[in-house]
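Here is the file query_14.txt (compact mmCIF, C-alpha atoms).
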# COMPACT_ATOMS: atom_id res chain seq x y z
CA MET A 896 -2.24 14.94 19.61
CA ARG A 897 -2.95 15.99 16.02
CA LYS A 898 -1.26 19.35 16.60
CA LEU A 899 1.80 17.63 18.05
CA ILE A 900 2.03 15.28 15.06
CA ALA A 901 1.51 18.20 12.66
CA GLY A 902 4.28 20.15 14.43
CA TYR A 903 6.64 17.17 14.19
CA TYR A 904 5.77 16.83 10.49
CA HIS A 905 6.56 20.53 9.97
CA LEU A 906 9.88 20.12 11.81
CA LEU A 907 10.80 17.18 9.56
CA ASN A 908 10.04 19.29 6.48
CA VAL A 909 12.29 22.08 7.76
CA LEU A 910 15.07 19.61 8.57
CA LEU A 911 14.77 18.10 5.10
CA VAL A 912 15.17 21.52 3.48
CA VAL A 913 18.20 22.20 5.70
CA ALA A 914 19.74 18.80 4.86
CA VAL A 915 19.30 19.33 1.12
CA ALA A 916 20.70 22.88 1.32
CA ALA A 917 23.63 21.71 3.43
CA LEU A 918 24.29 18.84 1.02
CA LEU A 919 24.86 21.36 -1.76
CA VAL A 920 27.97 22.71 -0.01
CA PRO A 921 30.20 19.60 0.07
CA VAL A 922 28.97 18.35 -3.30
CA THR A 923 29.68 21.72 -4.94
CA LEU A 924 33.12 21.86 -3.33
CA GLN A 925 33.87 18.36 -4.62
CA MET A 926 32.80 19.29 -8.14
CA ILE A 927 34.80 22.50 -8.20
CA SER A 928 37.92 20.80 -6.87
CA ARG A 929 37.68 17.90 -9.34
CA LEU A 930 36.85 19.92 -12.45
CA THR A 931 38.84 23.13 -12.01
CA GLY A 932 41.62 22.76 -9.51
CA LEU A 933 40.73 26.17 -8.06
CA ILE A 934 40.44 24.72 -4.58
CA PRO A 935 42.16 21.72 -2.98
CA ALA A 936 40.39 18.36 -2.97
CA TRP A 937 39.21 18.25 0.63
CA ILE A 938 38.47 14.71 1.67
CA TRP A 939 36.00 15.70 4.43
CA THR A 940 33.49 16.75 1.78
CA GLU A 941 32.86 13.14 0.76
CA GLU A 942 32.11 12.06 4.32
CA MET A 943 29.88 15.06 4.98
CA ALA A 944 27.97 14.50 1.73
CA ARG A 945 27.42 10.84 2.60
CA PHE A 946 26.09 11.60 6.08
CA LEU A 947 23.82 14.38 4.84
CA PHE A 948 22.52 12.11 2.09
CA ILE A 949 21.63 9.42 4.63
CA TRP A 950 19.66 11.91 6.71
CA MET A 951 18.05 13.42 3.62
CA VAL A 952 16.78 10.00 2.51
CA MET A 953 15.50 9.09 5.97
CA LEU A 954 13.75 12.43 6.46
CA GLY A 955 12.15 12.09 3.03
CA ALA A 956 10.97 8.57 3.89
CA MET A 957 9.40 9.82 7.13
CA ILE A 958 7.60 12.64 5.32
CA GLY A 959 6.50 10.27 2.56
CA VAL A 960 4.69 8.01 5.02
CA ARG A 961 2.76 10.95 6.46
CA ASP A 962 1.87 12.20 2.98
CA GLY A 963 0.92 8.72 1.84
CA THR A 964 3.27 8.97 -1.14
CA HIS A 965 6.27 6.88 -0.13
CA PHE A 966 4.85 3.37 -0.32
CA ASP A 967 2.39 3.97 -3.12
CA VAL A 968 2.10 1.51 -5.97
CA ASP A 969 -0.92 1.69 -8.24
CA VAL A 970 -1.66 -1.90 -9.23
CA TRP A 971 -5.39 -1.96 -8.53
CA PRO A 972 -8.04 -0.22 -10.58
CA GLU A 973 -9.87 2.61 -8.85
CA LEU A 974 -12.21 0.90 -6.42
CA LYS A 975 -15.04 2.14 -4.25
CA PRO A 976 -13.99 4.24 -1.24
CA ARG A 977 -14.45 1.44 1.30
CA ALA A 978 -12.45 -1.03 -0.81
CA ASN A 979 -9.69 1.56 -1.24
CA ALA A 980 -9.66 2.13 2.53
CA MET A 981 -9.34 -1.62 3.09
CA LEU A 982 -6.41 -1.85 0.66
CA ARG A 983 -4.73 1.10 2.37
CA ILE A 984 -5.17 -0.64 5.74
CA VAL A 985 -3.53 -3.82 4.45
CA SER A 986 -0.74 -1.80 2.86
CA MET A 987 -0.20 0.24 6.02
CA LEU A 988 0.00 -2.92 8.13
CA PHE A 989 2.95 -4.01 5.99
CA VAL A 990 4.54 -0.57 6.35
CA LEU A 991 4.11 -0.75 10.13
CA LEU A 992 5.66 -4.21 10.17
CA PHE A 993 8.61 -2.87 8.21
CA ALA A 994 8.79 0.06 10.65
CA LEU A 995 9.14 -2.39 13.53
CA VAL A 996 12.06 -4.01 11.69
CA PHE A 997 13.66 -0.57 11.35
CA VAL A 998 13.20 0.12 15.05
CA TRP A 999 14.43 -3.30 16.23
CA TYR A 1000 17.50 -3.54 14.03
CA GLY A 1001 18.05 0.22 14.14
CA VAL A 1002 18.53 0.03 17.90
CA LYS A 1003 21.04 -2.79 17.37
CA PHE A 1004 22.73 -0.64 14.70
CA VAL A 1005 23.02 2.27 17.14
CA GLN A 1006 24.44 -0.04 19.81
CA PHE A 1007 26.96 -1.35 17.28
CA GLY A 1008 28.16 2.17 16.48
CA TRP A 1009 27.97 3.52 20.04
CA ASN A 1010 31.74 3.77 20.50
CA GLN A 1011 32.67 4.38 16.86
CA THR A 1012 33.64 7.67 15.32
CA SER A 1013 33.81 8.71 11.70
CA GLU A 1014 37.21 8.56 10.07
CA LEU A 1015 37.66 12.17 9.08
CA ALA A 1016 35.40 14.31 11.25
CA ASP A 1017 35.88 12.15 14.35
CA MET A 1018 32.13 12.49 14.83
CA PRO A 1019 30.27 9.85 16.86
CA MET A 1020 28.59 7.46 14.42
CA THR A 1021 25.59 7.33 16.72
CA TYR A 1022 24.50 10.63 15.14
CA ILE A 1023 24.25 8.84 11.80
CA PHE A 1024 23.02 5.43 12.96
CA ILE A 1025 20.18 6.93 15.03
CA ALA A 1026 18.45 7.76 11.74
CA TRP A 1027 17.23 4.15 11.34
CA PRO A 1028 15.32 3.67 14.61
CA LEU A 1029 14.07 7.27 14.47
CA THR A 1030 12.71 6.62 10.99
CA GLY A 1031 10.99 3.46 12.18
CA LEU A 1032 9.43 5.22 15.15
CA THR A 1033 8.25 8.05 12.94
CA TRP A 1034 6.74 5.57 10.48
CA LEU A 1035 4.90 3.98 13.39
CA LEU A 1036 3.56 7.37 14.46
CA PHE A 1037 2.54 8.62 11.02
CA GLY A 1038 1.44 5.19 9.79
CA GLY A 1039 -0.65 4.68 12.91
CA GLU A 1040 -2.33 8.03 12.29
CA ARG A 1041 -3.19 7.05 8.70
CA LEU A 1042 -4.30 3.57 9.76
CA LEU A 1043 -6.67 4.95 12.40
CA ALA A 1044 -8.14 7.39 9.87
CA ASP A 1045 -8.86 4.52 7.46
CA ILE A 1046 -10.35 2.36 10.22
CA ARG A 1047 -12.56 5.29 11.27
CA PHE A 1048 -13.64 5.67 7.65
CA LEU A 1049 -14.56 1.99 7.42
CA ARG A 1050 -16.54 2.12 10.65
CA TYR A 1051 -18.25 5.49 10.39
CA GLY A 1052 -17.78 6.77 6.85
CA ALA A 1053 -16.31 10.21 6.22
CA MET A 1054 -15.83 12.17 9.44
CA PRO A 1055 -15.98 15.98 9.55
CA GLY A 1056 -12.46 17.40 9.43
CA ASP A 1057 -10.93 14.19 8.06
CA ALA A 1058 -9.15 14.55 4.77
CA PRO A 1059 -9.72 11.65 2.38
CA GLN A 1060 -6.69 9.38 2.17
CA THR A 1061 -6.84 8.62 -1.55
CA ARG A 1062 -4.27 9.80 -4.03
CA GLU A 1063 -5.16 11.19 -7.42
CA ILE A 1064 -3.44 9.23 -10.16
CA GLY A 1065 -1.33 11.32 -12.50
CA THR A 1066 -1.62 14.60 -10.60
CA GLY A 1067 0.93 13.92 -7.91
CA SER A 1068 -1.31 15.57 -5.35
CA VAL A 1069 -2.75 13.91 -2.31
CA VAL A 1070 -6.50 14.45 -2.06
Representation of the structure as structure tokens:
Amino acid sequence: MRKLIAGYYHLLNVLLVVAVAALLVPVTLQMISRLTGLIPAWIWTEEMARFLFIWMVMLGAMIGVRDGTHFDVDVWPELKPRANAMLRIVSMLFVLLFALVFVWYGVKFVQFGWNQTSELADMPMTYIFIAWPLTGLTWLLFGGERLLADIRFLRYGAMPGDAPQTREIGTGSVV
């Protein structure tokens, strides 16, 4: 199961790179057309940029939950490892609750847009709206993985092969 989750995580990273690279095209075309007049002002670039931005944000949010960097607010002093694990568990329970909201209302959002198409590209809006429930499901998967690791740590202490789930303050690296 860990290999499957790691493969999915790798796929999300590749898709994020592709989304960011693809986003450069319509944004650059918009800038060139607005500032120079060398090319016509194509209206499809705005719609494409918006859709790519939505997917870029959602992919980044999915990756952030796996990395433990998305929902990270340092308001507590550095505590002992067990206390930190307990705080991460409480925090992750709220993330998982929020993920369920994304799944529940995301499905309704997809149903709402089932027969809609985008104005310019005539693309089914389901391709855009599916990002919400997919993000929620991914948060459940990655958040559940992190939650189980913290519960294992509380019950048994550090397990061989488990990476600690704490984040170094000021370094930006997950340790």
**Report entry** Atom-to-atom span, CA of Leu907 in chain A and CA of Val998 in chain A, Å
**Finding:**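 Answer for the CA of Leu907 in chain A to CA of Val998 in chain A separation: 18.1 Å.
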**Report entry** Straight-line distance linking CA of Ser986 in chain A with CA of Arg897 in chain A, stated in Å to one decimal
**Finding:** 22.2 Å
Write out as CSV a residue-level contact list of range 942-1013 of chain A versus range 911-920 of chain A with cut-off 10 Å: for each qualifying residue the closest pair of atoms and the distance in Å to one decimal, counting all atoms listed in the file, rows sorted by chain and residue number upward.
residue,atom,partner,partner_atom,distance
A:Met943,CA,A:Leu918,CA,7.8
A:Ala944,CA,A:Leu918,CA,5.7
A:Arg945,CA,A:Leu918,CA,8.7
A:Phe946,CA,A:Leu918,CA,9.0
A:Leu947,CA,A:Leu918,CA,5.9
A:Phe948,CA,A:Leu918,CA,7.0
A:Ile949,CA,A:Ala914,CA,9.6
A:Trp950,CA,A:Ala914,CA,7.1
A:Met951,CA,A:Ala914,CA,5.8
A:Val952,CA,A:Leu911,CA,8.7
A:Met953,CA,A:Leu911,CA,9.1
A:Leu954,CA,A:Leu911,CA,5.9
A:Gly955,CA,A:Leu911,CA,6.9
A:Ile958,CA,A:Leu911,CA,9.0
Write the residues of the preceding selection, restricted to C-alpha atoms, as a PDB file, in the frame of the given file.
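So part.pdb came out as:
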ATOM      1  CA  MET A 943      29.880  15.060   4.980  1.00  0.00           C
ATOM      2  CA  ALA A 944      27.970  14.500   1.730  1.00  0.00           C
ATOM      3  CA  ARG A 945      27.420  10.840   2.600  1.00  0.00           C
ATOM      4  CA  PHE A 946      26.090  11.600   6.080  1.00  0.00           C
ATOM      5  CA  LEU A 947      23.820  14.380   4.840  1.00  0.00           C
ATOM      6  CA  PHE A 948      22.520  12.110   2.090  1.00  0.00           C
ATOM      7  CA  ILE A 949      21.630   9.420   4.630  1.00  0.00           C
ATOM      8  CA  TRP A 950      19.660  11.910   6.710  1.00  0.00           C
ATOM      9  CA  MET A 951      18.050  13.420   3.620  1.00  0.00           C
ATOM     10  CA  VAL A 952      16.780  10.000   2.510  1.00  0.00           C
ATOM     11  CA  MET A 953      15.500   9.090   5.970  1.00  0.00           C
ATOM     12  CA  LEU A 954      13.750  12.430   6.460  1.00  0.00           C
ATOM     13  CA  GLY A 955      12.150  12.090   3.030  1.00  0.00           C
ATOM     14  CA  ILE A 958       7.600  12.640   5.320  1.00  0.00           C
TER      15      ILE A 958
END
**Report entry** CA of Ala994 in chain A to CA of Leu1032 in chain A, straight-line distance in Å
**Finding:**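 So the answer is 6.9 Å.
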**Report entry** Pick from A:Phe1024, A:Tyr903, A:Trp1034, A:Trp939 nearest to Gln1011 in chain A, counting only C-alpha atoms
**Finding:**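 With only C-alpha atoms as the atom set, the closest residue is A:Phe1024.
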Report task. Give the answer as one residue: which of A:Gly1039, A:Gly1052, A:Pro1019, A:Gly1031 has the shortest atom-to-atom distance to Gly963 in chain A, using all atoms listed in the file? Result ->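 Closest candidate: A:Gly1039.
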Query raised in the report: Hey, which of A:Tyr1051, A:Val922, A:Ala1044, A:Glu1014 ends up closest to Ala936 in chain A? Count only C-alpha atoms.
Result: A:Val922
